[in-house]
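J.: Contents of data21.pdb (PDB, C-alpha atoms and all ligand atoms) are given next:
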```pdb
ATOM      1  CA  MET A 327       0.000   0.000   0.000  1.00  0.00           C
ATOM      2  CA  GLU A 328       1.177   3.462  -0.888  1.00  0.00           C
ATOM      3  CA  ARG A 329       0.040   6.930   0.097  1.00  0.00           C
ATOM      4  CA  SER A 330       0.026  10.177  -1.869  1.00  0.00           C
ATOM      5  CA  LEU A 331      -0.733  13.755  -0.941  1.00  0.00           C
ATOM      6  CA  VAL A 332      -3.208  15.204  -3.391  1.00  0.00           C
ATOM      7  CA  ILE A 333      -4.268  18.844  -3.518  1.00  0.00           C
ATOM      8  CA  ILE A 334      -7.251  19.875  -5.579  1.00  0.00           C
ATOM      9  CA  LYS A 335      -5.926  23.307  -6.520  1.00  0.00           C
ATOM     10  CA  PRO A 336      -7.992  26.523  -6.398  1.00  0.00           C
ATOM     11  CA  ASP A 337      -8.971  26.332 -10.094  1.00  0.00           C
ATOM     12  CA  ALA A 338     -10.706  23.007  -9.468  1.00  0.00           C
ATOM     13  CA  THR A 339     -12.087  23.832  -6.016  1.00  0.00           C
ATOM     14  CA  VAL A 340     -13.693  27.094  -7.096  1.00  0.00           C
ATOM     15  CA  ARG A 341     -15.236  25.193 -10.013  1.00  0.00           C
ATOM     16  CA  ARG A 342     -17.101  22.860  -7.665  1.00  0.00           C
ATOM     17  CA  ARG A 343     -18.275  20.372 -10.249  1.00  0.00           C
ATOM     18  CA  ILE A 344     -14.774  19.984 -11.675  1.00  0.00           C
ATOM     19  CA  GLY A 345     -13.332  19.299  -8.216  1.00  0.00           C
ATOM     20  CA  ALA A 346     -16.029  16.688  -7.587  1.00  0.00           C
ATOM     21  CA  LEU A 347     -15.354  14.998 -10.935  1.00  0.00           C
ATOM     22  CA  VAL A 348     -11.606  14.892 -10.280  1.00  0.00           C
ATOM     23  CA  ILE A 349     -12.072  13.394  -6.798  1.00  0.00           C
ATOM     24  CA  LYS A 350     -14.534  10.861  -8.231  1.00  0.00           C
ATOM     25  CA  ALA A 351     -12.159   9.878 -11.028  1.00  0.00           C
ATOM     26  CA  LEU A 352      -9.410   9.232  -8.466  1.00  0.00           C
ATOM     27  CA  MET A 353     -11.674   7.265  -6.108  1.00  0.00           C
ATOM     28  CA  ASP A 354     -12.889   5.185  -9.055  1.00  0.00           C
ATOM     29  CA  ARG A 355      -9.299   3.959  -9.402  1.00  0.00           C
ATOM     30  CA  ASP A 356      -9.647   2.061  -6.152  1.00  0.00           C
ATOM     31  CA  LEU A 357      -7.954   4.704  -4.075  1.00  0.00           C
ATOM     32  CA  LYS A 358      -9.094   5.156  -0.506  1.00  0.00           C
ATOM     33  CA  VAL A 359      -9.421   8.606   1.054  1.00  0.00           C
ATOM     34  CA  VAL A 360      -7.776   8.584   4.484  1.00  0.00           C
ATOM     35  CA  ALA A 361      -7.757  12.361   5.019  1.00  0.00           C
ATOM     36  CA  PHE A 362      -9.905  15.090   3.489  1.00  0.00           C
ATOM     37  CA  LYS A 363      -9.878  18.806   4.238  1.00  0.00           C
ATOM     38  CA  GLU A 364     -11.061  21.933   2.462  1.00  0.00           C
ATOM     39  CA  MET A 365      -8.864  24.838   3.492  1.00  0.00           C
ATOM     40  CA  ASN A 366      -7.140  28.052   2.527  1.00  0.00           C
ATOM     41  CA  VAL A 367      -3.384  27.646   2.222  1.00  0.00           C
ATOM     42  CA  PRO A 368      -1.320  30.150   4.205  1.00  0.00           C
ATOM     43  CA  ASP A 369       1.625  31.667   2.336  1.00  0.00           C
ATOM     44  CA  SER A 370       4.071  30.062   4.754  1.00  0.00           C
ATOM     45  CA  LEU A 371       2.761  26.542   4.040  1.00  0.00           C
ATOM     46  CA  ALA A 372       2.627  27.185   0.279  1.00  0.00           C
ATOM     47  CA  LYS A 373       6.300  28.172   0.367  1.00  0.00           C
ATOM     48  CA  LEU A 374       7.317  25.089   2.335  1.00  0.00           C
ATOM     49  CA  HIS A 375       5.282  22.803   0.077  1.00  0.00           C
ATOM     50  CA  TYR A 376       6.866  24.205  -3.082  1.00  0.00           C
ATOM     51  CA  ASP A 377      10.311  24.701  -1.556  1.00  0.00           C
ATOM     52  CA  VAL A 378      11.974  22.645  -4.358  1.00  0.00           C
ATOM     53  CA  HIS A 379      10.827  25.314  -6.824  1.00  0.00           C
ATOM     54  CA  LYS A 380      11.918  28.331  -4.759  1.00  0.00           C
ATOM     55  CA  ASP A 381      14.529  29.473  -7.287  1.00  0.00           C
ATOM     56  CA  LYS A 382      12.316  29.067 -10.344  1.00  0.00           C
ATOM     57  CA  PRO A 383      10.932  32.153 -12.091  1.00  0.00           C
ATOM     58  CA  PHE A 384       7.355  30.938 -11.637  1.00  0.00           C
ATOM     59  CA  PHE A 385       7.686  30.484  -7.854  1.00  0.00           C
ATOM     60  CA  PRO A 386       6.045  33.766  -6.707  1.00  0.00           C
ATOM     61  CA  TRP A 387       3.163  33.198  -9.135  1.00  0.00           C
ATOM     62  CA  LEU A 388       2.784  29.606  -7.931  1.00  0.00           C
ATOM     63  CA  ILE A 389       2.540  30.720  -4.286  1.00  0.00           C
ATOM     64  CA  ASP A 390      -0.110  33.308  -5.235  1.00  0.00           C
ATOM     65  CA  PHE A 391      -2.011  30.664  -7.191  1.00  0.00           C
ATOM     66  CA  ILE A 392      -2.127  27.969  -4.499  1.00  0.00           C
ATOM     67  CA  SER A 393      -3.128  30.474  -1.815  1.00  0.00           C
ATOM     68  CA  SER A 394      -5.619  32.452  -3.951  1.00  0.00           C
ATOM     69  CA  ALA A 395      -8.757  30.501  -2.989  1.00  0.00           C
ATOM     70  CA  PRO A 396      -9.609  27.265  -1.135  1.00  0.00           C
ATOM     71  CA  VAL A 397      -8.077  23.902  -1.971  1.00  0.00           C
ATOM     72  CA  ILE A 398      -9.039  20.385  -0.969  1.00  0.00           C
ATOM     73  CA  THR A 399      -6.169  18.456   0.553  1.00  0.00           C
ATOM     74  CA  MET A 400      -6.367  14.692   0.707  1.00  0.00           C
ATOM     75  CA  ILE A 401      -4.269  11.681   1.550  1.00  0.00           C
ATOM     76  CA  LEU A 402      -5.093   8.885  -0.874  1.00  0.00           C
ATOM     77  CA  GLU A 403      -4.069   5.285  -0.311  1.00  0.00           C
ATOM     78  CA  GLY A 404      -3.835   2.376  -2.710  1.00  0.00           C
ATOM     79  CA  GLU A 405      -1.579  -0.029  -4.473  1.00  0.00           C
ATOM     80  CA  ASN A 406       0.818   1.986  -6.629  1.00  0.00           C
ATOM     81  CA  ALA A 407      -1.106   5.132  -5.613  1.00  0.00           C
ATOM     82  CA  ILE A 408       1.654   7.621  -6.477  1.00  0.00           C
ATOM     83  CA  GLU A 409       2.186   6.594 -10.076  1.00  0.00           C
ATOM     84  CA  ASP A 410      -1.476   5.795 -10.576  1.00  0.00           C
ATOM     85  CA  ILE A 411      -2.561   9.321  -9.574  1.00  0.00           C
ATOM     86  CA  ARG A 412       0.176  11.027 -11.634  1.00  0.00           C
ATOM     87  CA  ASP A 413      -0.934   8.943 -14.638  1.00  0.00           C
ATOM     88  CA  ALA A 414      -4.547   9.953 -14.097  1.00  0.00           C
ATOM     89  CA  LEU A 415      -3.595  13.639 -13.898  1.00  0.00           C
ATOM     90  CA  GLY A 416      -1.399  13.654 -17.009  1.00  0.00           C
ATOM     91  CA  ALA A 417       1.421  16.034 -17.942  1.00  0.00           C
ATOM     92  CA  THR A 418       2.106  19.129 -15.818  1.00  0.00           C
ATOM     93  CA  PHE A 419       1.343  21.608 -18.594  1.00  0.00           C
ATOM     94  CA  VAL A 420      -2.313  21.553 -19.552  1.00  0.00           C
ATOM     95  CA  GLN A 421      -1.569  21.987 -23.266  1.00  0.00           C
ATOM     96  CA  LYS A 422       0.793  18.997 -23.112  1.00  0.00           C
ATOM     97  CA  ALA A 423      -1.545  16.758 -21.110  1.00  0.00           C
ATOM     98  CA  ASP A 424      -3.284  14.012 -23.046  1.00  0.00           C
ATOM     99  CA  SER A 425      -6.894  14.958 -23.751  1.00  0.00           C
ATOM    100  CA  SER A 426      -8.063  11.827 -21.916  1.00  0.00           C
ATOM    101  CA  SER A 427      -6.190  12.787 -18.726  1.00  0.00           C
ATOM    102  CA  LEU A 428      -7.757  14.862 -15.947  1.00  0.00           C
ATOM    103  CA  ARG A 429      -5.499  17.862 -16.618  1.00  0.00           C
ATOM    104  CA  GLY A 430      -6.198  17.486 -20.338  1.00  0.00           C
ATOM    105  CA  LYS A 431      -9.942  17.478 -19.718  1.00  0.00           C
ATOM    106  CA  TYR A 432     -10.294  20.087 -17.000  1.00  0.00           C
ATOM    107  CA  GLY A 433      -7.074  22.077 -16.698  1.00  0.00           C
ATOM    108  CA  VAL A 434      -7.299  25.777 -17.463  1.00  0.00           C
ATOM    109  CA  TRP A 435      -3.953  26.716 -18.998  1.00  0.00           C
ATOM    110  CA  ALA A 436      -0.257  25.833 -18.593  1.00  0.00           C
ATOM    111  CA  GLY A 437       0.426  25.495 -14.838  1.00  0.00           C
ATOM    112  CA  ILE A 438      -3.196  26.198 -13.862  1.00  0.00           C
ATOM    113  CA  ASN A 439      -3.664  22.477 -13.820  1.00  0.00           C
ATOM    114  CA  ILE A 440      -6.344  21.409 -11.269  1.00  0.00           C
ATOM    115  CA  ALA A 441      -4.279  19.259  -8.908  1.00  0.00           C
ATOM    116  CA  HIS A 442      -1.011  18.462  -7.200  1.00  0.00           C
ATOM    117  CA  ALA A 443       0.049  14.885  -6.451  1.00  0.00           C
ATOM    118  CA  SER A 444       3.206  13.592  -4.775  1.00  0.00           C
ATOM    119  CA  ASP A 445       5.799  12.402  -7.280  1.00  0.00           C
ATOM    120  CA  ALA A 446       7.678   9.705  -5.310  1.00  0.00           C
ATOM    121  CA  PRO A 447       7.426   7.745  -2.032  1.00  0.00           C
ATOM    122  CA  ASP A 448       9.914   9.962  -0.166  1.00  0.00           C
ATOM    123  CA  THR A 449       8.245  13.207  -1.259  1.00  0.00           C
ATOM    124  CA  ALA A 450       4.838  11.723  -0.400  1.00  0.00           C
ATOM    125  CA  THR A 451       6.032  10.970   3.140  1.00  0.00           C
ATOM    126  CA  LYS A 452       7.487  14.466   3.502  1.00  0.00           C
ATOM    127  CA  GLU A 453       4.407  16.190   2.090  1.00  0.00           C
ATOM    128  CA  ILE A 454       1.988  14.191   4.242  1.00  0.00           C
ATOM    129  CA  MET A 455       3.997  15.112   7.337  1.00  0.00           C
ATOM    130  CA  LEU A 456       4.131  18.776   6.322  1.00  0.00           C
ATOM    131  CA  TRP A 457       0.396  19.082   5.687  1.00  0.00           C
ATOM    132  CA  LYS A 458      -0.416  17.309   8.959  1.00  0.00           C
ATOM    133  CA  GLU A 459       1.927  19.535  10.952  1.00  0.00           C
ATOM    134  CA  GLU A 460       1.420  22.870   9.217  1.00  0.00           C
ATOM    135  CA  GLY A 461      -1.941  22.418   7.475  1.00  0.00           C
ATOM    136  CA  GLY A 462      -3.975  20.675  10.180  1.00  0.00           C
ATOM    137  CA  LEU A 463      -4.666  17.724   7.886  1.00  0.00           C
ATOM    138  CA  GLU A 464      -5.913  14.741   9.884  1.00  0.00           C
ATOM    139  CA  GLU A 465      -6.546  11.107   9.145  1.00  0.00           C
ATOM    140  CA  THR A 466     -10.147  10.431  10.104  1.00  0.00           C
ATOM    141  CA  ASP A 467     -12.497   7.449   9.857  1.00  0.00           C
ATOM    142  CA  ASP A 468     -15.038   9.537   7.969  1.00  0.00           C
ATOM    143  CA  ALA A 469     -12.635  10.921   5.327  1.00  0.00           C
ATOM    144  CA  GLN A 470     -13.904   8.529   2.647  1.00  0.00           C
ATOM    145  CA  GLU A 471     -17.495   9.501   3.484  1.00  0.00           C
ATOM    146  CA  MET A 472     -16.605  13.217   3.375  1.00  0.00           C
ATOM    147  CA  ALA A 473     -15.199  12.768  -0.123  1.00  0.00           C
ATOM    148  CA  LEU A 474     -18.300  10.843  -1.234  1.00  0.00           C
ATOM    149  CA  ASP A 475     -20.519  13.581   0.227  1.00  0.00           C
ATOM    150  CA  TYR A 476     -18.533  16.186  -1.707  1.00  0.00           C
ATOM    151  CA  ILE A 477     -19.001  14.226  -4.933  1.00  0.00           C
ATOM    152  CA  ARG A 478     -22.743  13.790  -4.262  1.00  0.00           C
ATOM    153  CA  LYS A 479     -23.131  17.453  -3.430  1.00  0.00           C
ATOM    154  CA  TYR A 480     -21.286  18.967  -6.378  1.00  0.00           C
ATOM    155  CA  SER A 481     -21.037  16.554  -9.305  1.00  0.00           C
ATOM    156  CA  ALA A 482     -24.623  17.242 -10.296  1.00  0.00           C
ATOM    157  CA  ASN A 483     -23.906  20.966 -10.327  1.00  0.00           C
ATOM    158  CA  LYS A 484     -24.080  23.196 -13.326  1.00  0.00           C
ATOM    159  CA  ARG A 485     -22.179  22.380 -16.457  1.00  0.00           C
ATOM    160  CA  ASP A 486     -18.483  22.445 -17.151  1.00  0.00           C
ATOM    161  CA  TYR A 487     -17.132  25.860 -18.186  1.00  0.00           C
ATOM    162  CA  THR A 488     -13.590  24.679 -18.971  1.00  0.00           C
ATOM    163  CA  SER A 489     -13.783  25.403 -22.704  1.00  0.00           C
ATOM    164  CA  GLU A 490     -15.128  28.942 -22.171  1.00  0.00           C
ATOM    165  CA  ILE A 491     -12.343  29.696 -19.703  1.00  0.00           C
ATOM    166  CA  ARG A 492      -9.694  28.254 -22.038  1.00  0.00           C
ATOM    167  CA  ASN A 493     -11.123  30.262 -24.941  1.00  0.00           C
ATOM    168  CA  THR A 494     -10.968  33.431 -22.895  1.00  0.00           C
ATOM    169  CA  VAL A 495      -7.316  32.811 -22.032  1.00  0.00           C
ATOM    170  CA  ASN A 496      -6.357  31.751 -25.576  1.00  0.00           C
ATOM    171  CA  THR A 497      -8.099  34.636 -27.258  1.00  0.00           C
ATOM    172  CA  ALA A 498      -6.607  37.178 -24.867  1.00  0.00           C
ATOM    173  CA  ILE A 499      -3.093  35.843 -25.519  1.00  0.00           C
ATOM    174  CA  GLU A 500      -3.629  35.742 -29.296  1.00  0.00           C
ATOM    175  CA  ARG A 501      -4.945  39.295 -29.355  1.00  0.00           C
ATOM    176  CA  GLU A 502      -2.473  40.453 -26.711  1.00  0.00           C
ATOM    177  CA  ASP A 503      -5.500  41.731 -24.854  1.00  0.00           C
ATOM    178  CA  THR A 504      -4.751  42.483 -21.207  1.00  0.00           C
ATOM    179  CA  SER A 505      -7.684  44.816 -20.697  1.00  0.00           C
ATOM    180  CA  GLU A 506      -9.886  44.767 -17.599  1.00  0.00           C
ATOM    181  CA  ASP A 507     -12.611  43.173 -19.780  1.00  0.00           C
ATOM    182  CA  VAL A 508     -10.611  39.954 -19.858  1.00  0.00           C
ATOM    183  CA  LEU A 509     -10.243  39.970 -16.071  1.00  0.00           C
ATOM    184  CA  GLN A 510     -13.988  40.604 -15.697  1.00  0.00           C
ATOM    185  CA  ARG A 511     -14.818  37.741 -18.063  1.00  0.00           C
ATOM    186  CA  LEU A 512     -12.600  35.403 -16.001  1.00  0.00           C
ATOM    187  CA  ILE A 513     -14.338  36.536 -12.825  1.00  0.00           C
ATOM    188  CA  ASP A 514     -17.745  35.879 -14.417  1.00  0.00           C
ATOM    189  CA  LEU A 515     -16.795  32.400 -15.624  1.00  0.00           C
ATOM    190  CA  LEU A 516     -15.103  31.411 -12.368  1.00  0.00           C
ATOM    191  CA  SER A 517     -18.175  32.603 -10.428  1.00  0.00           C
ATOM    192  CA  LYS A 518     -20.598  30.298 -12.197  1.00  0.00           C
ATOM    193  CA  ASP A 519     -20.042  27.216 -10.079  1.00  0.00           C
ATOM    194  CA  ALA A 520     -18.338  28.738  -7.045  1.00  0.00           C
ATOM    195  CA  GLU A 521     -20.746  27.686  -4.310  1.00  0.00           C
ATOM    196  CA  ASP A 522     -19.571  28.868  -0.858  1.00  0.00           C
ATOM    197  CA  ILE A 523     -16.513  30.600  -2.311  1.00  0.00           C
ATOM    198  CA  THR A 524     -16.187  34.285  -1.410  1.00  0.00           C
ATOM    199  CA  GLU A 525     -16.111  37.048  -3.983  1.00  0.00           C
ATOM    200  CA  GLU A 526     -12.607  37.956  -2.829  1.00  0.00           C
ATOM    201  CA  GLU A 527     -11.365  34.409  -3.426  1.00  0.00           C
ATOM    202  CA  ILE A 528     -12.882  34.313  -6.921  1.00  0.00           C
ATOM    203  CA  ASN A 529     -11.267  37.672  -7.687  1.00  0.00           C
ATOM    204  CA  ASN A 530      -7.905  36.419  -6.369  1.00  0.00           C
ATOM    205  CA  LEU A 531      -8.017  33.353  -8.582  1.00  0.00           C
ATOM    206  CA  ALA A 532      -9.135  35.323 -11.649  1.00  0.00           C
ATOM    207  CA  ARG A 533      -6.269  37.751 -11.027  1.00  0.00           C
ATOM    208  CA  VAL A 534      -3.774  34.866 -10.909  1.00  0.00           C
ATOM    209  CA  VAL A 535      -5.056  33.538 -14.259  1.00  0.00           C
ATOM    210  CA  PHE A 536      -4.953  37.082 -15.636  1.00  0.00           C
ATOM    211  CA  ASP A 537      -1.340  37.472 -14.440  1.00  0.00           C
ATOM    212  CA  TYR A 538      -0.446  34.389 -16.462  1.00  0.00           C
ATOM    213  CA  ILE A 539      -1.967  35.988 -19.567  1.00  0.00           C
ATOM    214  CA  LYS A 540      -0.019  39.191 -18.952  1.00  0.00           C
ATOM    215  CA  GLU A 541       3.177  37.179 -18.539  1.00  0.00           C
ATOM    216  CA  GLU A 542       2.591  35.443 -21.898  1.00  0.00           C
ATOM    217  CA  VAL A 543       1.798  38.682 -23.689  1.00  0.00           C
ATOM    218  CA  GLU A 544       4.719  40.697 -22.354  1.00  0.00           C
TER     219      GLU A 544
HETATM  220  O1  LIG A 601       2.734  19.550 -10.331  1.00  0.00           O
HETATM  221  P1  LIG A 601       3.827  18.774 -11.019  1.00  0.00           P
HETATM  222  O2  LIG A 601       4.604  17.902 -10.100  1.00  0.00           O
HETATM  223  O3  LIG A 601       3.296  18.053 -12.223  1.00  0.00           O
HETATM  224  O4  LIG A 601       4.845  19.863 -11.636  1.00  0.00           O
HETATM  225  P2  LIG A 601       6.132  20.586 -11.004  1.00  0.00           P
HETATM  226  O5  LIG A 601       7.160  20.651 -12.073  1.00  0.00           O
HETATM  227  O6  LIG A 601       6.494  19.998  -9.692  1.00  0.00           O
HETATM  228  O7  LIG A 601       5.626  22.106 -10.783  1.00  0.00           O
HETATM  229  C1  LIG A 601       4.766  22.416  -9.704  1.00  0.00           C
HETATM  230  C2  LIG A 601       3.674  23.307 -10.214  1.00  0.00           C
HETATM  231  O8  LIG A 601       4.235  24.554 -10.606  1.00  0.00           O
HETATM  232  C3  LIG A 601       2.945  22.816 -11.468  1.00  0.00           C
HETATM  233  O9  LIG A 601       1.921  21.883 -11.184  1.00  0.00           O
HETATM  234  C4  LIG A 601       2.398  24.124 -12.022  1.00  0.00           C
HETATM  235  O10 LIG A 601       1.218  24.513 -11.350  1.00  0.00           O
HETATM  236  C5  LIG A 601       3.499  25.108 -11.690  1.00  0.00           C
HETATM  237  N1  LIG A 601       4.439  25.340 -12.813  1.00  0.00           N
HETATM  238  C6  LIG A 601       4.284  26.483 -13.615  1.00  0.00           C
HETATM  239  O11 LIG A 601       3.343  27.222 -13.397  1.00  0.00           O
HETATM  240  N2  LIG A 601       5.162  26.755 -14.625  1.00  0.00           N
HETATM  241  C7  LIG A 601       6.198  25.940 -14.886  1.00  0.00           C
HETATM  242  N3  LIG A 601       7.043  26.230 -15.877  1.00  0.00           N
HETATM  243  C8  LIG A 601       6.373  24.768 -14.119  1.00  0.00           C
HETATM  244  C9  LIG A 601       5.475  24.504 -13.066  1.00  0.00           C
HETATM  245 MG    MG A 602       5.949  18.322  -8.556  1.00  0.00          MG
END
```
As structure tokens, how would this structure be written, given the file I've shared?
T.:
Amino acid sequence: MERSLVIIKPDATVRRRIGALVIKALMDRDLKVVAFKEMNVPDSLAKLHYDVHKDKPFFPWLIDFISSAPVITMILEGENAIEDIRDALGATFVQKADSSSLRGKYGVWAGINIAHASDAPDTATKEIMLWKEEGGLEETDDAQEMALDYIRKYSANKRDYTSEIRNTVNTAIEREDTSEDVLQRLIDLLSKDAEDITEEEINNLARVVFDYIKEEVE
């Protein structure tokens, strides 16, 4: 048996139905949920979690992204869980992810890619310890039931707006359009399925996506 730390990132938590579909797809692979927590990620924890990337140019953006709006943090357990989950997610960059993979289906753009999953047994152990100690993640008997409740609650939600969001990002980059209209359109699209997410959190996430567009255009 193997364990992996999985984070449903803000882009898939704010889009409630997408988050539910991703969790369901992972559970359907015979993975057991041993810990489940919806939370906002403090800057300090985000920095520790992504410490290996601290010298990369995308690091400050990545910290803003992961702490922009709530995430769902889980420990998943199963045979070959680490590789199995990474396979299900697909390549890191959304445009490079196979269209049958979860990132290929639901990812927004480039590194705005719906989920994190541990990449090896030693990193899984380290990440699980970190999120327990600094993130208040707990193994509980009802974690599996909490995940099933989440799926029941949100998978029947409104439709999937992934293609509209991708179109907005693509078109803005093509036209080199970094006007406030683009930001507003992202806010509108990200609001559509954002049950129990605050306006500020939606704005934060939209701003992070918008920053990516600006980066591409500049
Ligand atoms: O998440 P994964 O392990 O697949 O990729 P990583 O190389 O460990 O990078 C961590 C995260 O940083 C990615 O999931 C992306 O969200 C982000 N990233 C990015 O935005 N731009 C890059 N050039 C590389 C990574
Ligand atoms: Mg990684």
J.: Name the residues that the PyMOL selection byres (((not hetatm)) within 9 of (chain A and resi 602)) picks from the file above, as a compact mmCIF listing (two decimals) with C-alpha atoms, in the frame of the given file, using the file's chain letters and numbers.
T.:
```txt
# COMPACT_ATOMS: atom_id res chain seq x y z
CA TYR A 376 6.87 24.20 -3.08
CA VAL A 378 11.97 22.64 -4.36
CA HIS A 379 10.83 25.31 -6.82
CA THR A 418 2.11 19.13 -15.82
CA HIS A 442 -1.01 18.46 -7.20
CA ALA A 443 0.05 14.88 -6.45
CA SER A 444 3.21 13.59 -4.78
CA ASP A 445 5.80 12.40 -7.28
```
J.: Which centre and which edge lengths, in Å to one decimal, describe the axis-aligned box that holds all listed atoms of ligand LIG 601 (chain A) after 5 Å is added on each side, as lines of an AutoDock Vina configuration file?
T.:
```
center_x = 4.2
center_y = 22.6
center_z = -12.8
size_x = 15.9
size_y = 19.3
size_z = 16.2
```
J.: Counting only C-alpha atoms, what is within 12 Å of stretch 533-539 of chain A, bar same-chain residues fewer than 5 positions away, as a VMD selection string?
T.: chain A and resid 336 to 337 384 386 to 395 433 to 439 491 to 492 494 to 513 515 to 516 526 to 528 544
J.: From the options A:Gly345, A:Gly462, A:Gly416, A:Pro396, which residue's atoms come nearest to ligand LIG 601 (chain A), counting only C-alpha atoms and all ligand atoms?
T.: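 Among the listed residues, A:Gly416 lies closest to ligand LIG 601 (chain A).
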J.: Can you tell me which residues surround A:Lys452 at a distance of at most 12 Å, considering all atoms listed in the file, apart from same-chain residues fewer than 3 positions away, and format the answer as a list of chain:residue names?
T.: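 Once the nearby chain positions are removed, what remains is A:Arg329, A:Ser330, A:Leu331, A:Leu374, A:His375, A:Tyr376, A:Asp377, A:Ser444, A:Asp445, A:Ala446, A:Pro447, A:Asp448, A:Thr449, A:Met455, A:Leu456, A:Trp457, A:Lys458, A:Glu459, A:Glu460.
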J.: Could the residues of stretch 394-513 of chain A that have an atom at most 12 Å from stretch 349-359 of chain A be listed as CSV, each with its closest atom pair and the distance in Å to one decimal, counting all atoms listed in the file and ordered by chain and ascending residue number?
T.:
```
residue,atom,partner,partner_atom,distance
A:Ile398,CA,A:Ile349,CA,9.6
A:Thr399,CA,A:Val359,CA,10.4
A:Met400,CA,A:Val359,CA,6.8
A:Ile401,CA,A:Val359,CA,6.0
A:Leu402,CA,A:Val359,CA,4.7
A:Glu403,CA,A:Lys358,CA,5.0
A:Gly404,CA,A:Leu357,CA,4.9
A:Glu405,CA,A:Leu357,CA,7.9
A:Asn406,CA,A:Leu357,CA,9.5
A:Ala407,CA,A:Leu357,CA,7.0
A:Ile408,CA,A:Leu357,CA,10.3
A:Glu409,CA,A:Arg355,CA,11.8
A:Asp410,CA,A:Arg355,CA,8.1
A:Ile411,CA,A:Leu352,CA,6.9
A:Arg412,CA,A:Leu352,CA,10.3
A:Asp413,CA,A:Leu352,CA,10.5
A:Ala414,CA,A:Leu352,CA,7.5
A:Leu415,CA,A:Leu352,CA,9.1
A:Ser426,CA,A:Ala351,CA,11.8
A:Ser427,CA,A:Ala351,CA,10.2
A:Leu428,CA,A:Ala351,CA,8.3
A:Arg429,CA,A:Ala351,CA,11.8
A:Lys431,CA,A:Ala351,CA,11.8
A:Tyr432,CA,A:Ala351,CA,12.0
A:Ile440,CA,A:Ile349,CA,10.8
A:Ala441,CA,A:Ile349,CA,10.0
A:Ala443,CA,A:Leu352,CA,11.2
A:Glu464,CA,A:Val359,CA,11.3
A:Glu465,CA,A:Val359,CA,8.9
A:Thr466,CA,A:Val359,CA,9.3
A:Asp467,CA,A:Val359,CA,9.4
A:Asp468,CA,A:Val359,CA,9.0
A:Ala469,CA,A:Val359,CA,5.8
A:Gln470,CA,A:Val359,CA,4.8
A:Glu471,CA,A:Val359,CA,8.5
A:Met472,CA,A:Val359,CA,8.8
A:Ala473,CA,A:Val359,CA,7.2
A:Leu474,CA,A:Lys350,CA,7.9
A:Asp475,CA,A:Lys350,CA,10.7
A:Tyr476,CA,A:Ile349,CA,8.7
A:Ile477,CA,A:Lys350,CA,6.5
A:Arg478,CA,A:Lys350,CA,9.6
A:Lys479,CA,A:Lys350,CA,11.8
A:Tyr480,CA,A:Lys350,CA,10.7
A:Ser481,CA,A:Lys350,CA,8.7
```
J.: So how many Å separate atom CA of A:Leu371 and atom O5 of ligand LIG 601 (chain A), to one decimal?
T.: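 Computing the Euclidean distance for atom CA of A:Leu371 and atom O5 of ligand LIG 601 (chain A) yields 17.7 Å.
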J.: Point out the residue among A:Leu531, A:Ala482, A:Val543, A:Val360 with the least atom-to-atom distance to A:Arg342, counting all atoms listed in the file.
T.: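 For A:Arg342, the nearest of the candidates is A:Ala482.
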J.: From the set A:Met365, A:Ala346, A:Ala372, A:Ala532, which residue has the shortest atom-to-atom contact distance to ligand LIG 601 (chain A), counting only C-alpha atoms and all ligand atoms?
T.: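 Of all the options, A:Ala372 lies closest to ligand LIG 601 (chain A).
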J.: Considering all atoms listed in the file, state which residue in the set A:Lys373, A:Arg341, A:Lys335, A:Lys363 is at the smallest distance from A:Lys484.
T.: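 With all atoms listed in the file as the atom set, the closest residue is A:Arg341.
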J.: Pick the closest to ligand LIG 601 (chain A) from A:Thr451, A:Asn483, A:Asn529, A:Gln421: which is it, counting only C-alpha atoms and all ligand atoms?
T.: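 Of the candidates, the smallest distance to ligand LIG 601 (chain A) is held by A:Gln421.
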J.: Could you please determine the separation between atom O1 of ligand LIG 601 (chain A) and atom CA of A:Ala423 in Å, to one decimal place?
T.: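 Pair atom O1 of ligand LIG 601 (chain A) / atom CA of A:Ala423 returns 11.9 Å.
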J.: Find the distance between atom CA of A:Val397 and atom CA of A:Leu463 and write it in Å to one decimal.
T.: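 Spanning atom CA of A:Val397 to atom CA of A:Leu463 is a straight-line distance of 12.1 Å.
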J.: Which is closest to ligand LIG 601 (chain A) among A:Ile334, A:Val340, A:Leu347, A:Met327, if we use only C-alpha atoms and all ligand atoms?
T.: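 Once distances to ligand LIG 601 (chain A) are computed over only C-alpha atoms and all ligand atoms, the minimum belongs to A:Ile334.
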